[in-house]
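J.: Following this line is work07.csv, made up of CSV, C-alpha atoms:
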```
chain,number,residue,atom,x,y,z
H,3,ASP,CA,8.9,-18.0,18.8
H,4,ALA,CA,5.6,-18.3,16.9
H,5,THR,CA,5.4,-22.1,17.6
H,6,ILE,CA,5.3,-21.3,21.3
H,7,PHE,CA,2.4,-18.9,20.7
H,8,PHE,CA,0.4,-21.6,19.0
H,9,LEU,CA,1.1,-24.1,21.8
H,10,VAL,CA,0.1,-21.7,24.4
H,11,MET,CA,-3.2,-20.9,22.5
H,12,GLU,CA,-4.0,-24.6,22.2
H,13,THR,CA,-3.4,-25.0,25.9
H,14,HIS,CA,-6.0,-22.4,26.7
H,15,GLY,CA,-8.6,-23.9,24.4
H,16,THR,CA,-10.4,-22.7,21.3
H,17,PRO,CA,-12.4,-19.5,21.0
H,18,PRO,CA,-16.2,-19.5,21.0
H,19,THR,CA,-17.8,-18.9,17.6
H,20,GLY,CA,-21.3,-18.2,16.3
H,21,GLU,CA,-23.1,-16.0,18.8
H,22,GLY,CA,-22.7,-12.3,18.4
H,23,ALA,CA,-21.0,-12.6,15.1
H,24,GLN,CA,-22.6,-9.5,13.7
H,25,GLN,CA,-22.2,-7.3,16.8
H,26,GLN,CA,-20.8,-3.8,16.2
H,27,HIS,CA,-18.7,-4.0,19.4
H,28,ALA,CA,-16.1,-6.3,20.7
H,29,PRO,CA,-17.4,-9.3,22.8
H,30,THR,CA,-15.6,-8.2,26.0
H,31,ALA,CA,-18.3,-9.4,28.4
H,32,ALA,CA,-17.2,-13.0,27.9
H,33,ALA,CA,-13.7,-12.2,28.9
H,34,ALA,CA,-14.9,-11.6,32.5
H,35,ALA,CA,-15.4,-15.4,32.6
H,36,ALA,CA,-11.7,-16.0,32.2
H,37,PRO,CA,-9.8,-17.9,35.0
H,38,THR,CA,-9.4,-15.8,38.1
H,39,GLU,CA,-5.6,-16.2,38.0
H,40,ALA,CA,-5.4,-14.7,34.5
H,41,PRO,CA,-3.2,-11.6,34.4
H,42,ILE,CA,-5.6,-9.9,32.1
H,43,THR,CA,-7.3,-6.6,33.0
H,44,VAL,CA,-10.6,-6.5,31.2
H,45,ALA,CA,-11.5,-2.8,30.9
H,46,PRO,CA,-14.8,-1.7,32.4
H,47,ALA,CA,-16.9,0.5,30.2
H,48,GLN,CA,-16.2,3.8,32.0
H,49,ALA,CA,-12.9,3.1,33.7
H,50,PRO,CA,-10.3,1.7,31.2
H,51,ALA,CA,-7.3,-0.1,32.5
H,52,THR,CA,-4.1,2.0,32.5
H,53,THR,CA,-1.4,-0.7,33.1
H,54,ALA,CA,-0.8,-4.2,32.1
H,55,ALA,CA,-1.0,-6.9,34.7
H,56,PRO,CA,2.5,-8.4,35.3
H,57,ALA,CA,3.2,-11.9,34.0
H,58,LEU,CA,2.8,-14.7,36.6
H,59,ALA,CA,5.9,-16.5,37.8
H,60,ASN,CA,5.2,-19.5,35.6
H,61,GLU,CA,4.4,-17.6,32.5
H,62,SER,CA,6.4,-16.5,29.5
H,63,PRO,CA,6.8,-12.7,29.5
H,64,LEU,CA,6.7,-10.6,26.4
H,65,GLN,CA,9.4,-8.1,25.7
H,66,THR,CA,7.0,-5.2,26.3
H,67,PRO,CA,3.4,-5.0,27.7
H,68,TRP,CA,0.6,-4.7,25.1
H,69,THR,CA,-2.9,-3.4,25.0
H,70,ALA,CA,-5.8,-4.5,22.9
H,71,TRP,CA,-8.3,-2.0,21.6
H,72,PHE,CA,-11.6,-2.0,19.6
H,73,ALA,CA,-13.3,0.7,17.6
H,74,PHE,CA,-16.3,0.8,15.3
H,75,SER,CA,-16.6,3.2,12.4
H,76,PRO,CA,-18.9,3.5,9.4
H,77,ALA,CA,-17.7,1.6,6.4
H,78,GLN,CA,-15.7,3.7,4.0
H,79,PRO,CA,-15.2,3.1,0.2
H,80,THR,CA,-11.7,1.8,-0.6
H,81,ALA,CA,-9.7,3.0,-3.5
H,82,ALA,CA,-7.4,0.0,-3.4
H,83,LEU,CA,-6.9,-1.6,-6.9
H,84,GLN,CA,-3.8,-3.7,-6.6
H,85,PHE,CA,-5.8,-6.9,-6.4
H,86,ARG,CA,-8.1,-6.0,-9.3
H,87,LYS,CA,-7.1,-7.0,-12.8
H,88,GLY,CA,-8.7,-7.1,-16.3
H,89,LYS,CA,-10.5,-4.8,-18.7
H,90,LYS,CA,-12.1,-2.7,-16.0
H,91,ALA,CA,-8.7,-1.7,-14.4
H,92,LYS,CA,-8.6,1.7,-16.2
H,93,LYS,CA,-12.1,2.6,-15.3
H,94,GLN,CA,-11.5,1.6,-11.7
H,95,ALA,CA,-8.4,3.7,-11.5
H,96,GLN,CA,-10.3,6.7,-12.8
H,97,LEU,CA,-13.0,6.1,-10.1
H,98,ALA,CA,-10.3,5.7,-7.4
H,99,ALA,CA,-8.7,9.0,-8.5
H,100,ALA,CA,-12.1,10.7,-8.3
H,101,GLN,CA,-12.7,9.3,-4.9
H,102,ALA,CA,-9.3,10.5,-3.7
H,103,ALA,CA,-9.8,13.9,-5.1
H,104,ALA,CA,-13.2,14.2,-3.4
H,105,GLN,CA,-11.6,13.1,-0.1
H,106,ALA,CA,-8.9,15.6,-0.4
H,107,ALA,CA,-11.3,18.4,-1.3
H,108,GLN,CA,-13.4,17.5,1.7
H,109,THR,CA,-10.4,17.6,4.0
H,110,VAL,CA,-9.2,21.0,2.8
H,111,SER,CA,-12.5,22.5,3.6
H,112,MET,CA,-12.6,21.1,7.1
H,113,SER,CA,-12.1,23.6,9.9
H,114,PRO,CA,-9.8,22.9,12.9
H,115,THR,CA,-13.0,22.6,15.0
H,116,SER,CA,-14.3,19.9,12.7
H,117,VAL,CA,-11.0,18.0,12.9
H,118,LYS,CA,-11.1,18.2,16.7
H,119,ARG,CA,-14.7,17.0,16.7
H,120,ARG,CA,-13.8,14.0,14.6
H,121,GLN,CA,-10.9,13.2,16.9
H,122,GLU,CA,-13.1,13.4,20.0
H,123,THR,CA,-15.7,11.2,18.3
H,124,TYR,CA,-13.1,8.6,17.5
H,125,GLU,CA,-11.8,8.6,21.1
H,126,ALA,CA,-15.3,8.2,22.4
H,127,HIS,CA,-15.8,5.1,20.4
H,128,LEU,CA,-12.4,3.6,21.2
H,129,GLN,CA,-12.7,0.8,23.7
H,130,GLU,CA,-9.8,-0.5,25.7
H,131,LEU,CA,-10.3,-4.3,25.9
H,132,ALA,CA,-7.4,-5.6,28.0
H,133,SER,CA,-3.7,-5.3,28.8
H,134,PHE,CA,-1.3,-8.2,29.0
H,135,SER,CA,2.4,-8.9,29.4
H,136,SER,CA,2.8,-12.6,28.8
H,137,LEU,CA,2.1,-15.2,26.1
H,138,GLU,CA,-0.5,-16.9,28.3
H,139,GLY,CA,-2.2,-13.5,29.0
H,140,PHE,CA,-2.5,-12.9,25.3
H,141,ALA,CA,-3.9,-16.4,24.7
H,142,ARG,CA,-6.6,-15.9,27.4
H,143,LEU,CA,-7.7,-12.7,25.8
H,144,TYR,CA,-7.5,-13.9,22.2
H,145,MET,CA,-9.7,-16.9,22.8
H,146,TYR,CA,-12.6,-14.6,23.7
H,147,LEU,CA,-12.3,-12.3,20.7
H,148,GLN,CA,-14.4,-12.6,17.6
H,149,ARG,CA,-12.4,-13.6,14.5
H,150,PRO,CA,-12.2,-11.3,11.5
H,151,SER,CA,-14.8,-13.2,9.5
H,152,GLN,CA,-17.3,-12.7,12.4
H,153,LEU,CA,-16.8,-8.9,12.7
H,154,ALA,CA,-19.2,-6.4,11.2
H,155,THR,CA,-18.1,-4.0,8.5
H,156,GLY,CA,-16.6,-1.0,10.2
H,157,SER,CA,-14.9,-3.0,13.0
H,158,ASN,CA,-11.3,-2.3,14.0
H,159,TYR,CA,-8.9,-4.3,16.3
H,160,TYR,CA,-5.7,-2.6,17.5
H,161,PHE,CA,-2.9,-4.3,19.4
H,162,PHE,CA,-0.4,-1.7,20.6
H,163,ARG,CA,2.7,-1.6,22.9
H,164,GLY,CA,2.1,-0.3,26.4
H,165,ASN,CA,-1.0,1.7,26.9
H,166,VAL,CA,-0.7,4.3,24.2
H,167,LYS,CA,-3.9,4.9,22.2
H,168,PRO,CA,-3.9,3.9,18.6
H,169,MET,CA,-4.1,7.5,17.2
H,170,TRP,CA,-2.0,9.4,14.7
H,171,GLU,CA,-1.4,12.1,17.4
H,172,SER,CA,0.2,9.4,19.6
H,173,TYR,CA,2.9,8.9,17.0
H,174,PRO,CA,3.1,12.2,15.1
H,175,ASN,CA,6.5,11.3,13.6
H,176,GLY,CA,5.4,7.8,12.6
H,177,GLY,CA,3.5,6.1,9.8
H,178,CYS,CA,1.4,3.1,8.8
H,179,PHE,CA,2.1,0.2,6.4
H,180,ILE,CA,-1.1,-1.2,4.8
H,181,VAL,CA,-1.9,-4.5,3.1
H,182,LYS,CA,-5.4,-4.5,1.5
H,183,VAL,CA,-6.9,-7.9,1.2
H,184,PRO,CA,-10.1,-8.4,-0.8
H,185,LYS,CA,-12.9,-10.4,0.9
H,186,LYS,CA,-13.7,-12.2,-2.3
H,187,GLY,CA,-10.5,-13.5,-3.7
H,188,GLY,CA,-9.7,-16.7,-1.9
H,189,PHE,CA,-7.6,-15.0,0.7
H,190,ASN,CA,-7.7,-16.3,4.3
H,191,TYR,CA,-7.6,-12.9,5.9
H,192,SER,CA,-8.3,-14.3,9.4
H,193,ALA,CA,-5.2,-16.4,9.2
H,194,MET,CA,-3.2,-13.4,7.8
H,195,TRP,CA,-4.3,-11.3,10.7
H,196,GLU,CA,-3.3,-14.0,13.2
H,197,ASP,CA,0.1,-14.3,11.5
H,198,LEU,CA,0.6,-10.6,11.7
H,199,LEU,CA,-0.5,-10.3,15.3
H,200,ILE,CA,1.8,-13.2,16.4
H,201,ALA,CA,4.7,-11.8,14.4
H,202,ALA,CA,4.4,-8.5,16.3
H,203,LEU,CA,4.0,-9.9,19.7
H,204,ALA,CA,6.8,-12.4,19.2
H,205,GLU,CA,9.1,-9.6,17.9
H,206,GLN,CA,9.5,-11.4,14.6
H,207,LEU,CA,9.3,-8.0,12.8
H,208,GLU,CA,12.6,-7.3,14.6
H,209,GLU,CA,12.0,-3.6,14.9
H,210,PRO,CA,11.5,-1.9,18.2
H,211,ASP,CA,9.9,1.1,16.4
H,212,VAL,CA,6.9,-1.1,15.5
H,213,ALA,CA,4.2,0.5,17.7
H,214,GLY,CA,1.4,-1.8,17.0
H,215,VAL,CA,-0.7,-3.7,14.4
H,216,ALA,CA,-4.3,-3.2,13.3
H,217,LEU,CA,-7.2,-5.0,11.6
H,218,SER,CA,-9.9,-3.0,9.8
H,219,ILE,CA,-13.0,-4.6,8.3
H,220,ARG,CA,-14.5,-2.7,5.4
H,221,LYS,CA,-17.2,-3.6,2.9
H,222,THR,CA,-15.1,-5.3,0.2
H,223,PHE,CA,-11.6,-5.2,1.8
H,224,VAL,CA,-9.9,-6.2,5.0
H,225,LEU,CA,-7.0,-3.9,5.8
H,226,LEU,CA,-4.0,-5.2,7.8
H,227,SER,CA,-1.6,-2.5,9.0
H,228,VAL,CA,1.6,-2.0,10.9
H,229,TRP,CA,2.2,1.2,12.7
H,230,VAL,CA,5.8,2.5,13.3
H,231,ALA,CA,6.7,5.2,15.8
H,232,GLU,CA,9.3,6.9,13.6
H,233,ASP,CA,9.1,7.7,9.9
H,234,GLN,CA,12.7,6.7,9.2
H,235,ALA,CA,13.8,5.4,5.8
H,236,ASP,CA,15.9,2.5,7.2
H,237,THR,CA,13.2,1.5,9.7
H,238,CYS,CA,10.5,1.6,7.0
H,239,ARG,CA,12.5,-0.4,4.6
H,240,ARG,CA,13.2,-3.2,7.1
H,241,VAL,CA,9.5,-3.4,8.2
H,242,ALA,CA,8.3,-3.5,4.6
H,243,GLU,CA,10.6,-6.4,3.9
H,244,LYS,CA,9.3,-8.3,6.9
H,245,ILE,CA,5.7,-7.7,5.9
H,246,ARG,CA,6.3,-9.0,2.4
H,247,ALA,CA,8.2,-12.0,3.7
H,248,LEU,CA,5.5,-12.8,6.3
H,249,PHE,CA,2.6,-12.7,3.8
H,250,GLN,CA,4.7,-14.1,0.9
H,251,LEU,CA,3.2,-11.4,-1.3
H,252,PRO,CA,3.5,-12.1,-5.0
H,253,SER,CA,4.5,-9.4,-7.5
H,254,GLY,CA,1.7,-6.9,-8.2
H,255,GLU,CA,0.3,-7.0,-4.7
H,256,GLN,CA,1.5,-3.9,-3.0
H,257,VAL,CA,2.5,-2.8,0.5
H,258,GLU,CA,1.4,0.8,0.9
H,259,TYR,CA,2.6,3.4,3.4
H,260,LYS,CA,1.2,6.6,4.7
H,261,PRO,CA,2.9,9.0,7.2
H,262,HIS,CA,0.8,10.1,10.1
H,263,GLN,CA,1.4,13.7,9.3
H,264,VAL,CA,-0.5,13.1,6.0
H,265,SER,CA,-3.2,11.2,7.9
H,266,MET,CA,-3.7,14.1,10.3
H,267,ARG,CA,-4.1,16.4,7.3
H,268,ASP,CA,-6.6,14.3,5.3
H,269,GLN,CA,-8.2,12.7,8.4
H,270,SER,CA,-7.8,9.1,7.0
H,271,THR,CA,-5.4,6.3,7.8
H,272,TYR,CA,-6.0,4.4,4.5
H,273,HIS,CA,-7.1,6.9,1.8
H,274,ASN,CA,-4.3,8.3,-0.4
H,275,ALA,CA,-1.7,5.9,0.9
H,276,LEU,CA,1.1,5.3,-1.6
H,277,LYS,CA,2.9,2.2,-2.8
H,278,PHE,CA,6.1,1.6,-0.7
H,279,ASP,CA,9.0,0.8,-3.1
```
Since I need it in another form, could you write the structure as structure tokens?

T.:
Amino acid sequence: DATIFFLVMETHGTPPTGEGAQQQHAPTAAAAAAPTEAPITVAPAQAPATTAAPALANESPLQTPWTAWFAFSPAQPTAALQFRKGKKAKKQAQLAAAQAAAQAAQTVSMSPTSVKRRQETYEAHLQELASFSSLEGFARLYMYLQRPSQLATGSNYYFFRGNVKPMWESYPNGGCFIVKVPKKGGFNYSAMWEDLLIAALAEQLEEPDVAGVALSIRKTFVLLSVWVAEDQADTCRRVAEKIRALFQLPSGEQVEYKPHQVSMRDQSTYHNALKFD
């Protein structure tokens, strides 16, 4: 239950703020100061943890273990237009189409060697933060993580089941739901991310094929995403309904979806995603 999550987080205190707000890496060093009895495995730089520490006897276990990841990537232009309205909409749409076409042309020209090199670069910058298997374990990790408003542009958080890396190749038959939130629009994207994260861990999405959730900070948008392991129509429909209900999205604000097979071809999680009807 989400209420239990908030109670557990309050019990473990409030997260530090301020220092390191503009770092281009996750503040994992502070996590080493967590209580010694904490069932959190903070991953060392060269030897990432491979299994989640079991929940202690007096803790509330999650249905599955989870692992938190961090990655930093250069900011990319976003072609999302669903939050933009007014006279400039047509011009913006034309610009977005041109960006998408340029992205597609670039992808087509990429050799298999270039694709492999990009994959290796991504893996090299992917940091495993910690694994946990209880509510209390999550709370002890979360209190040391910077909030979305503190993260530098290009930062990405991933919370995934088990110890599977957040990569398209890990779920080749899956896909990704995307909600694009403008930084300048009065949206509390930090709270939206927290709501999504807790919904996933508490199994409020009610779908075992949900592999993980992600937060990506870009120049003008914050992208919240839900990854599914299988690109099945019924699964996707149920997950999309849960996302819309969770965020109480008004009409005109879309949930997008992109199969990983497409992402592996154009080498982007977010570009060229389509509205999910």

J.: With distances taken over only C-alpha atoms, which residue among H:Glu138, H:Asp279, H:Glu122, H:Asp233 lies nearest Cys178 of chain H?

T.: H:Asp233

J.: So how far away is atom CA of Thr271 of chain H from atom CA of Tyr259 of chain H, in Å?

T.: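 A separation of 9.6 Å between them.
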
J.: Just give me the gap between atom CA of Asp197 of chain H and atom CA of Gln269 of chain H in Å, one decimal is fine.

T.: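 Computing it gives 28.4 Å between the two atoms.
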
J.: I'd like the interatomic distance between atom CA of Pro184 of chain H and atom CA of Leu225 of chain H, to a tenth of an Å.

T.: 8.6 Å

J.: Quick one: everything within 12 Å of Arg239 of chain H, counting only C-alpha atoms, minus sequence neighbours fewer than 3 positions away in the same chain. Send it as a ChimeraX atom specification.

T.: /H:179,207,209,230,233-236,242-246,257-259,278-279

J.: Considering all atoms listed in the file, return as a PyMOL selection string whatever protein or nucleic-acid residues lie within 8 Å of segment 160-170 of chain H, sequence-local ones (same chain, fewer than 4 positions apart) excluded.

T.: chain H and resi 52-54+66-72+133+174+176+199+213-217+262-263+265-266
